[in-house]
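Chemist: final_27.pdb is the file, holding PDB, C-alpha atoms:
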ATOM      1  CA  MET A   1     127.272 109.245  91.472  1.00  0.00           C
ATOM      2  CA  SER A   2     129.972 106.977  92.902  1.00  0.00           C
ATOM      3  CA  THR A   3     129.050 104.191  95.306  1.00  0.00           C
ATOM      4  CA  VAL A   4     131.245 105.596  98.076  1.00  0.00           C
ATOM      5  CA  LEU A   5     129.702 109.073  97.724  1.00  0.00           C
ATOM      6  CA  ARG A   6     126.210 107.561  97.758  1.00  0.00           C
ATOM      7  CA  GLN A   7     127.146 105.599 100.925  1.00  0.00           C
ATOM      8  CA  ARG A   8     128.288 108.770 102.666  1.00  0.00           C
ATOM      9  CA  ILE A   9     125.139 110.698 101.684  1.00  0.00           C
ATOM     10  CA  GLU A  10     122.925 107.842 102.890  1.00  0.00           C
ATOM     11  CA  THR A  11     124.924 107.700 106.130  1.00  0.00           C
ATOM     12  CA  ASP A  12     124.448 111.430 106.705  1.00  0.00           C
ATOM     13  CA  LEU A  13     120.698 111.124 106.123  1.00  0.00           C
ATOM     14  CA  ARG A  14     120.392 108.194 108.577  1.00  0.00           C
ATOM     15  CA  ILE A  15     122.310 110.172 111.210  1.00  0.00           C
ATOM     16  CA  ILE A  16     120.039 113.176 110.768  1.00  0.00           C
ATOM     17  CA  LEU A  17     117.018 110.891 111.158  1.00  0.00           C
ATOM     18  CA  CYS A  18     118.515 109.346 114.299  1.00  0.00           C
ATOM     19  CA  PHE A  19     119.123 112.768 115.865  1.00  0.00           C
ATOM     20  CA  THR A  20     115.639 113.924 114.907  1.00  0.00           C
ATOM     21  CA  ASN A  21     114.103 110.854 116.551  1.00  0.00           C
ATOM     22  CA  SER A  22     116.286 111.260 119.652  1.00  0.00           C
ATOM     23  CA  MET A  23     115.361 114.935 120.012  1.00  0.00           C
ATOM     24  CA  LEU A  24     111.655 114.159 119.615  1.00  0.00           C
ATOM     25  CA  LEU A  25     111.774 111.417 122.237  1.00  0.00           C
ATOM     26  CA  ALA A  26     113.722 113.639 124.620  1.00  0.00           C
ATOM     27  CA  ALA A  27     111.177 116.402 124.164  1.00  0.00           C
ATOM     28  CA  ILE A  28     108.267 114.164 125.177  1.00  0.00           C
ATOM     29  CA  GLY A  29     110.161 112.561 128.054  1.00  0.00           C
ATOM     30  CA  CYS A  30     110.581 109.084 126.602  1.00  0.00           C
ATOM     31  CA  THR A  31     113.637 106.883 126.638  1.00  0.00           C
ATOM     32  CA  VAL A  32     115.176 105.409 123.533  1.00  0.00           C
ATOM     33  CA  SER A  33     115.164 101.620 123.289  1.00  0.00           C
ATOM     34  CA  VAL A  34     118.211  99.981 121.784  1.00  0.00           C
ATOM     35  CA  SER A  35     116.823  96.456 121.954  1.00  0.00           C
ATOM     36  CA  GLY A  36     114.350  96.629 119.064  1.00  0.00           C
ATOM     37  CA  ASP A  37     110.948  94.964 118.991  1.00  0.00           C
ATOM     38  CA  HIS A  38     112.014  91.331 118.638  1.00  0.00           C
ATOM     39  CA  ASP A  39     110.752  88.579 120.956  1.00  0.00           C
ATOM     40  CA  ILE A  40     113.788  87.251 122.806  1.00  0.00           C
ATOM     41  CA  ASN A  41     111.914  83.969 123.418  1.00  0.00           C
ATOM     42  CA  ASP A  42     111.416  83.311 119.693  1.00  0.00           C
ATOM     43  CA  PRO A  43     113.259  80.012 119.020  1.00  0.00           C
ATOM     44  CA  ASP A  44     113.720  80.894 115.331  1.00  0.00           C
ATOM     45  CA  ILE A  45     115.921  83.897 116.132  1.00  0.00           C
ATOM     46  CA  VAL A  46     119.579  83.399 116.915  1.00  0.00           C
ATOM     47  CA  TRP A  47     120.680  86.082 119.376  1.00  0.00           C
ATOM     48  CA  PHE A  48     124.223  87.343 119.136  1.00  0.00           C
ATOM     49  CA  ASP A  49     124.622  89.553 122.202  1.00  0.00           C
ATOM     50  CA  SER A  50     128.128  90.570 121.177  1.00  0.00           C
ATOM     51  CA  VAL A  51     126.780  91.971 117.894  1.00  0.00           C
ATOM     52  CA  LEU A  52     123.977  93.854 119.634  1.00  0.00           C
ATOM     53  CA  THR A  53     126.285  95.345 122.276  1.00  0.00           C
ATOM     54  CA  ALA A  54     129.311  96.237 120.127  1.00  0.00           C
ATOM     55  CA  GLN A  55     130.538  99.776 120.773  1.00  0.00           C
ATOM     56  CA  ASN A  56     133.212 100.101 118.078  1.00  0.00           C
ATOM     57  CA  ARG A  57     134.349  98.674 114.748  1.00  0.00           C
ATOM     58  CA  ASN A  58     136.769  96.130 116.231  1.00  0.00           C
ATOM     59  CA  GLN A  59     134.190  94.743 118.679  1.00  0.00           C
ATOM     60  CA  MET A  60     131.636  94.366 115.888  1.00  0.00           C
ATOM     61  CA  LEU A  61     134.120  92.788 113.491  1.00  0.00           C
ATOM     62  CA  ASN A  62     135.312  90.291 116.115  1.00  0.00           C
ATOM     63  CA  ALA A  63     131.722  89.401 117.057  1.00  0.00           C
ATOM     64  CA  LEU A  64     130.693  88.885 113.432  1.00  0.00           C
ATOM     65  CA  ARG A  65     133.768  86.808 112.611  1.00  0.00           C
ATOM     66  CA  GLN A  66     133.039  84.587 115.601  1.00  0.00           C
ATOM     67  CA  ASP A  67     129.300  84.222 114.949  1.00  0.00           C
ATOM     68  CA  MET A  68     129.420  84.087 111.132  1.00  0.00           C
ATOM     69  CA  PRO A  69     132.898  82.936 110.084  1.00  0.00           C
ATOM     70  CA  ASN A  70     134.095  82.623 106.500  1.00  0.00           C
ATOM     71  CA  GLY A  71     132.170  79.841 104.794  1.00  0.00           C
ATOM     72  CA  THR A  72     128.827  80.833 106.319  1.00  0.00           C
ATOM     73  CA  PRO A  73     126.117  80.767 103.607  1.00  0.00           C
ATOM     74  CA  ILE A  74     125.243  84.333 102.628  1.00  0.00           C
ATOM     75  CA  THR A  75     121.527  83.543 103.109  1.00  0.00           C
ATOM     76  CA  VAL A  76     122.240  82.665 106.749  1.00  0.00           C
ATOM     77  CA  ALA A  77     124.112  85.962 107.202  1.00  0.00           C
ATOM     78  CA  GLN A  78     121.174  87.844 105.646  1.00  0.00           C
ATOM     79  CA  ARG A  79     118.558  86.130 107.789  1.00  0.00           C
ATOM     80  CA  THR A  80     120.594  86.627 110.961  1.00  0.00           C
ATOM     81  CA  MET A  81     121.252  90.317 110.337  1.00  0.00           C
ATOM     82  CA  ASP A  82     117.598  90.911 109.403  1.00  0.00           C
ATOM     83  CA  GLN A  83     116.588  89.292 112.698  1.00  0.00           C
ATOM     84  CA  LEU A  84     119.002  91.572 114.544  1.00  0.00           C
ATOM     85  CA  GLY A  85     117.228  94.622 113.100  1.00  0.00           C
ATOM     86  CA  PHE A  86     119.616  95.474 110.267  1.00  0.00           C
ATOM     87  CA  ASN A  87     118.324  96.480 106.832  1.00  0.00           C
ATOM     88  CA  CYS A  88     120.149  94.375 104.260  1.00  0.00           C
ATOM     89  CA  THR A  89     120.457  94.551 100.479  1.00  0.00           C
ATOM     90  CA  PHE A  90     122.597  92.680  97.983  1.00  0.00           C
ATOM     91  CA  VAL A  91     125.165  94.671  95.987  1.00  0.00           C
ATOM     92  CA  THR A  92     126.959  93.346  92.904  1.00  0.00           C
ATOM     93  CA  ASN A  93     130.108  94.857  91.401  1.00  0.00           C
ATOM     94  CA  GLY A  94     130.128  97.432  94.177  1.00  0.00           C
ATOM     95  CA  ALA A  95     132.692  99.272  96.262  1.00  0.00           C
ATOM     96  CA  PHE A  96     132.755  99.446 100.051  1.00  0.00           C
ATOM     97  CA  SER A  97     135.209 101.051 102.456  1.00  0.00           C
ATOM     98  CA  GLU A  98     135.612 100.843 106.220  1.00  0.00           C
ATOM     99  CA  ASP A  99     137.136 104.341 106.249  1.00  0.00           C
ATOM    100  CA  PRO A 100     134.840 106.829 108.026  1.00  0.00           C
ATOM    101  CA  GLY A 101     136.829 109.750 106.582  1.00  0.00           C
ATOM    102  CA  LEU A 102     138.087 111.164 109.879  1.00  0.00           C
ATOM    103  CA  ILE A 103     140.952 113.630 109.619  1.00  0.00           C
ATOM    104  CA  GLY A 104     143.996 112.479 111.564  1.00  0.00           C
ATOM    105  CA  ASP A 105     142.729 108.909 111.934  1.00  0.00           C
ATOM    106  CA  GLU A 106     145.714 106.578 111.655  1.00  0.00           C
ATOM    107  CA  GLN A 107     143.876 103.243 111.684  1.00  0.00           C
ATOM    108  CA  HIS A 108     144.115 100.775 108.816  1.00  0.00           C
ATOM    109  CA  TYR A 109     140.865 100.481 106.864  1.00  0.00           C
ATOM    110  CA  ARG A 110     140.065  97.996 104.147  1.00  0.00           C
ATOM    111  CA  THR A 111     138.233  98.615 100.875  1.00  0.00           C
ATOM    112  CA  VAL A 112     136.752  96.282  98.284  1.00  0.00           C
ATOM    113  CA  GLN A 113     136.117  97.151  94.639  1.00  0.00           C
ATOM    114  CA  ASP A 114     133.955  95.336  92.075  1.00  0.00           C
ATOM    115  CA  ALA A 115     132.734  92.971  94.795  1.00  0.00           C
ATOM    116  CA  SER A 116     129.483  91.153  95.502  1.00  0.00           C
ATOM    117  CA  TYR A 117     128.388  91.716  99.073  1.00  0.00           C
ATOM    118  CA  LEU A 118     125.437  91.818 101.419  1.00  0.00           C
ATOM    119  CA  LEU A 119     125.205  95.361 102.786  1.00  0.00           C
ATOM    120  CA  CYS A 120     123.549  95.564 106.208  1.00  0.00           C
ATOM    121  CA  ARG A 121     122.831  98.891 107.907  1.00  0.00           C
ATOM    122  CA  LYS A 122     121.514  99.933 111.280  1.00  0.00           C
ATOM    123  CA  THR A 123     121.537 103.209 113.208  1.00  0.00           C
ATOM    124  CA  PRO A 124     120.530 102.498 116.802  1.00  0.00           C
ATOM    125  CA  SER A 125     120.577 105.194 119.419  1.00  0.00           C
ATOM    126  CA  ALA A 126     123.348 104.897 121.982  1.00  0.00           C
ATOM    127  CA  GLY A 127     121.780 107.539 124.198  1.00  0.00           C
ATOM    128  CA  MET A 128     119.572 110.554 123.886  1.00  0.00           C
ATOM    129  CA  LEU A 129     121.775 112.416 121.419  1.00  0.00           C
ATOM    130  CA  VAL A 130     124.271 109.802 120.249  1.00  0.00           C
ATOM    131  CA  CYS A 131     123.861 107.338 117.399  1.00  0.00           C
ATOM    132  CA  HIS A 132     125.914 104.396 116.237  1.00  0.00           C
ATOM    133  CA  ASP A 133     125.858 104.157 112.463  1.00  0.00           C
ATOM    134  CA  TRP A 134     126.724 100.622 111.337  1.00  0.00           C
ATOM    135  CA  SER A 135     127.328  99.618 107.718  1.00  0.00           C
ATOM    136  CA  ILE A 136     128.515  96.045 107.332  1.00  0.00           C
ATOM    137  CA  ALA A 137     129.552  94.340 104.110  1.00  0.00           C
ATOM    138  CA  PHE A 138     129.503  90.531 103.987  1.00  0.00           C
ATOM    139  CA  VAL A 139     131.616  89.837 100.901  1.00  0.00           C
ATOM    140  CA  TYR A 140     130.764  86.562  99.201  1.00  0.00           C
ATOM    141  CA  GLY A 141     132.069  84.564  96.264  1.00  0.00           C
ATOM    142  CA  ASP A 142     130.702  82.210  93.614  1.00  0.00           C
ATOM    143  CA  ALA A 143     129.782  79.600  96.254  1.00  0.00           C
ATOM    144  CA  ASN A 144     127.485  82.179  97.942  1.00  0.00           C
ATOM    145  CA  GLN A 145     129.465  81.900 101.158  1.00  0.00           C
ATOM    146  CA  VAL A 146     130.958  84.694 103.254  1.00  0.00           C
ATOM    147  CA  THR A 147     134.612  85.267 102.327  1.00  0.00           C
ATOM    148  CA  ASP A 148     135.223  88.512 104.252  1.00  0.00           C
ATOM    149  CA  ILE A 149     133.446  91.007 106.504  1.00  0.00           C
ATOM    150  CA  LEU A 150     134.063  94.765 106.460  1.00  0.00           C
ATOM    151  CA  VAL A 151     132.622  97.141 109.041  1.00  0.00           C
ATOM    152  CA  LEU A 152     132.117 100.897 108.749  1.00  0.00           C
ATOM    153  CA  HIS A 153     131.229 102.426 112.114  1.00  0.00           C
ATOM    154  CA  GLN A 154     130.526 106.035 112.873  1.00  0.00           C
ATOM    155  CA  MET A 155     129.373 107.363 116.205  1.00  0.00           C
ATOM    156  CA  GLU A 156     127.673 110.661 115.757  1.00  0.00           C
ATOM    157  CA  ARG A 157     127.154 113.337 118.390  1.00  0.00           C
ATOM    158  CA  PRO A 158     125.777 116.847 118.094  1.00  0.00           C
TER     159      PRO A 158
END
Is it possible to give me this structure as structure tokens?

Modeler:
Amino acid sequence: MSTVLRQRIETDLRIILCFTNSMLLAAIGCTVSVSGDHDINDPDIVWFDSVLTAQNRNQMLNALRQDMPNGTPITVAQRTMDQLGFNCTFVTNGAFSEDPGLIGDEQHYRTVQDASYLLCRKTPSAGMLVCHDWSIAFVYGDANQVTDILVLHQMERP
């Protein structure tokens, strides 16, 4: 199975899980928290509000480029994204695309092939029945430093 196809299947499964959780919480009268369970007073956690509040691909990309510019050690990027509630894994010789596959979408999306990158994913609720689906690739080179950042963002509604 190709990497891109596997990414899309995993994305679909995360979205289904997000909707299921949102529906369950709505049914029992609870609200959905988008802040996570981290202690904001923890001095070991660096808080990047612009990353946590991004509403689209460009906002997220700009926030990440500002907070973790090229040259940032990949271990720092991993630790930071883990602390922000993303699930991260290292991929070697992999493919990643920013293209969400929308028909009629005229934006320019980038793709990498045969690249080493840190893949970070998170699907926070943006409301009772809306989910942001973030997949972020921190491409790194032989020096184990970030050389590029790609962001795939999908906002799913019923």

Chemist: Fewer than 4 positions away in the same chain doesn't count, so skip those; otherwise give me all residues within 12 Å of Leu119 in chain A, counting all atoms listed in the file, as JSON, numbers by chain.

Modeler: {"A": [7, 74, 77, 78, 81, 82, 86, 87, 88, 89, 90, 91, 92, 94, 95, 96, 97, 115, 134, 135, 136, 137, 138, 139, 140, 149, 150, 151, 152]}

Chemist: Starting from the shown file, work through the PyMOL selection byres ((chain A and resi 102) around 12) and note down what comes out as number ranges by chain.

Modeler: A: 98-101, 103-107, 109, 152-156

Chemist: From the list A:Thr123, A:Asn93, A:Ser50, A:Thr111, which residue is nearest Arg65 in chain A when using only C-alpha atoms?

Modeler: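 Residue with the minimum atom-to-atom distance to Arg65 in chain A: A:Ser50.
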
Chemist: Can you tell me how far CA of Val112 in chain A sits from CA of Val130 in chain A, in Å to one decimal?

Modeler: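 Straight-line distance from CA of Val112 in chain A to CA of Val130 in chain A works out to 28.7 Å.
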
Chemist: Could you check how far CA of Leu52 in chain A sits from CA of Leu84 in chain A, in Å to one decimal?

Modeler: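 Taking CA of Leu52 in chain A and CA of Leu84 in chain A, their separation equals 7.5 Å.
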
Chemist: Between CA of Gln145 in chain A and CA of Met68 in chain A, measure the distance and give it in Å to one decimal.

Modeler: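 A separation of 10.2 Å between them.
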
Chemist: For the structure shown, which residues end up in the PyMOL selection byres ((chain A and resi 56) around 9)? Put them as a VMD selection string, please?

Modeler: chain A and resid 54 to 55 57 to 61 132 153 to 155

Chemist: Can I get range 93-111 of chain A with N, CA, C and O atoms filled in, as a PDB file, in the frame of the given file?

Modeler:
ATOM      1  N   ASN A  93     129.106  93.990  92.022  1.00  0.00           N
ATOM      2  CA  ASN A  93     130.108  94.857  91.401  1.00  0.00           C
ATOM      3  C   ASN A  93     130.183  96.210  92.100  1.00  0.00           C
ATOM      4  O   ASN A  93     130.293  97.245  91.451  1.00  0.00           O
ATOM      5  N   GLY A  94     130.130  96.195  93.414  1.00  0.00           N
ATOM      6  CA  GLY A  94     130.128  97.432  94.177  1.00  0.00           C
ATOM      7  C   GLY A  94     131.425  97.673  94.920  1.00  0.00           C
ATOM      8  O   GLY A  94     132.298  96.807  95.001  1.00  0.00           O
ATOM      9  N   ALA A  95     131.540  98.881  95.461  1.00  0.00           N
ATOM     10  CA  ALA A  95     132.692  99.272  96.262  1.00  0.00           C
ATOM     11  C   ALA A  95     132.220  99.538  97.686  1.00  0.00           C
ATOM     12  O   ALA A  95     131.114 100.028  97.904  1.00  0.00           O
ATOM     13  N   PHE A  96     133.069  99.195  98.645  1.00  0.00           N
ATOM     14  CA  PHE A  96     132.755  99.446 100.051  1.00  0.00           C
ATOM     15  C   PHE A  96     134.057  99.731 100.774  1.00  0.00           C
ATOM     16  O   PHE A  96     135.076  99.094 100.531  1.00  0.00           O
ATOM     17  N   SER A  97     134.028 100.696 101.681  1.00  0.00           N
ATOM     18  CA  SER A  97     135.209 101.051 102.456  1.00  0.00           C
ATOM     19  C   SER A  97     134.851 101.147 103.930  1.00  0.00           C
ATOM     20  O   SER A  97     133.776 101.623 104.294  1.00  0.00           O
ATOM     21  N   GLU A  98     135.782 100.710 104.773  1.00  0.00           N
ATOM     22  CA  GLU A  98     135.612 100.843 106.220  1.00  0.00           C
ATOM     23  C   GLU A  98     136.001 102.240 106.705  1.00  0.00           C
ATOM     24  O   GLU A  98     135.742 102.591 107.853  1.00  0.00           O
ATOM     25  N   ASP A  99     136.611 103.031 105.865  1.00  0.00           N
ATOM     26  CA  ASP A  99     137.136 104.341 106.249  1.00  0.00           C
ATOM     27  C   ASP A  99     136.007 105.335 106.501  1.00  0.00           C
ATOM     28  O   ASP A  99     135.262 105.671 105.581  1.00  0.00           O
ATOM     29  N   PRO A 100     135.887 105.845 107.741  1.00  0.00           N
ATOM     30  CA  PRO A 100     134.840 106.829 108.026  1.00  0.00           C
ATOM     31  C   PRO A 100     135.208 108.242 107.595  1.00  0.00           C
ATOM     32  O   PRO A 100     134.394 109.151 107.707  1.00  0.00           O
ATOM     33  N   GLY A 101     136.425 108.441 107.091  1.00  0.00           N
ATOM     34  CA  GLY A 101     136.829 109.750 106.582  1.00  0.00           C
ATOM     35  C   GLY A 101     137.222 110.747 107.654  1.00  0.00           C
ATOM     36  O   GLY A 101     137.094 111.950 107.451  1.00  0.00           O
ATOM     37  N   LEU A 102     137.697 110.267 108.792  1.00  0.00           N
ATOM     38  CA  LEU A 102     138.087 111.164 109.879  1.00  0.00           C
ATOM     39  C   LEU A 102     139.489 111.710 109.635  1.00  0.00           C
ATOM     40  O   LEU A 102     140.418 110.953 109.343  1.00  0.00           O
ATOM     41  N   ILE A 103     139.647 112.995 109.787  1.00  0.00           N
ATOM     42  CA  ILE A 103     140.952 113.630 109.619  1.00  0.00           C
ATOM     43  C   ILE A 103     141.835 113.252 110.803  1.00  0.00           C
ATOM     44  O   ILE A 103     141.409 113.317 111.954  1.00  0.00           O
ATOM     45  N   GLY A 104     143.056 112.828 110.511  1.00  0.00           N
ATOM     46  CA  GLY A 104     143.996 112.479 111.564  1.00  0.00           C
ATOM     47  C   GLY A 104     143.847 111.057 112.089  1.00  0.00           C
ATOM     48  O   GLY A 104     144.542 110.663 113.008  1.00  0.00           O
ATOM     49  N   ASP A 105     142.935 110.295 111.512  1.00  0.00           N
ATOM     50  CA  ASP A 105     142.729 108.909 111.934  1.00  0.00           C
ATOM     51  C   ASP A 105     143.811 108.042 111.312  1.00  0.00           C
ATOM     52  O   ASP A 105     143.943 107.974 110.101  1.00  0.00           O
ATOM     53  N   GLU A 106     144.575 107.355 112.140  1.00  0.00           N
ATOM     54  CA  GLU A 106     145.714 106.578 111.655  1.00  0.00           C
ATOM     55  C   GLU A 106     145.430 105.076 111.553  1.00  0.00           C
ATOM     56  O   GLU A 106     146.338 104.297 111.340  1.00  0.00           O
ATOM     57  N   GLN A 107     144.190 104.669 111.750  1.00  0.00           N
ATOM     58  CA  GLN A 107     143.876 103.243 111.684  1.00  0.00           C
ATOM     59  C   GLN A 107     143.950 102.734 110.248  1.00  0.00           C
ATOM     60  O   GLN A 107     143.851 103.495 109.293  1.00  0.00           O
ATOM     61  N   HIS A 108     144.100 101.428 110.128  1.00  0.00           N
ATOM     62  CA  HIS A 108     144.115 100.775 108.816  1.00  0.00           C
ATOM     63  C   HIS A 108     142.692 100.371 108.458  1.00  0.00           C
ATOM     64  O   HIS A 108     142.026  99.675 109.223  1.00  0.00           O
ATOM     65  N   TYR A 109     142.207 100.821 107.329  1.00  0.00           N
ATOM     66  CA  TYR A 109     140.865 100.481 106.864  1.00  0.00           C
ATOM     67  C   TYR A 109     140.956  99.735 105.548  1.00  0.00           C
ATOM     68  O   TYR A 109     141.791 100.052 104.705  1.00  0.00           O
ATOM     69  N   ARG A 110     140.073  98.789 105.371  1.00  0.00           N
ATOM     70  CA  ARG A 110     140.065  97.996 104.147  1.00  0.00           C
ATOM     71  C   ARG A 110     138.974  98.493 103.208  1.00  0.00           C
ATOM     72  O   ARG A 110     137.971  99.055 103.638  1.00  0.00           O
ATOM     73  N   THR A 111     139.174  98.236 101.927  1.00  0.00           N
ATOM     74  CA  THR A 111     138.233  98.615 100.875  1.00  0.00           C
ATOM     75  C   THR A 111     138.114  97.457  99.898  1.00  0.00           C
ATOM     76  O   THR A 111     139.100  96.768  99.640  1.00  0.00           O
TER      77      THR A 111
END
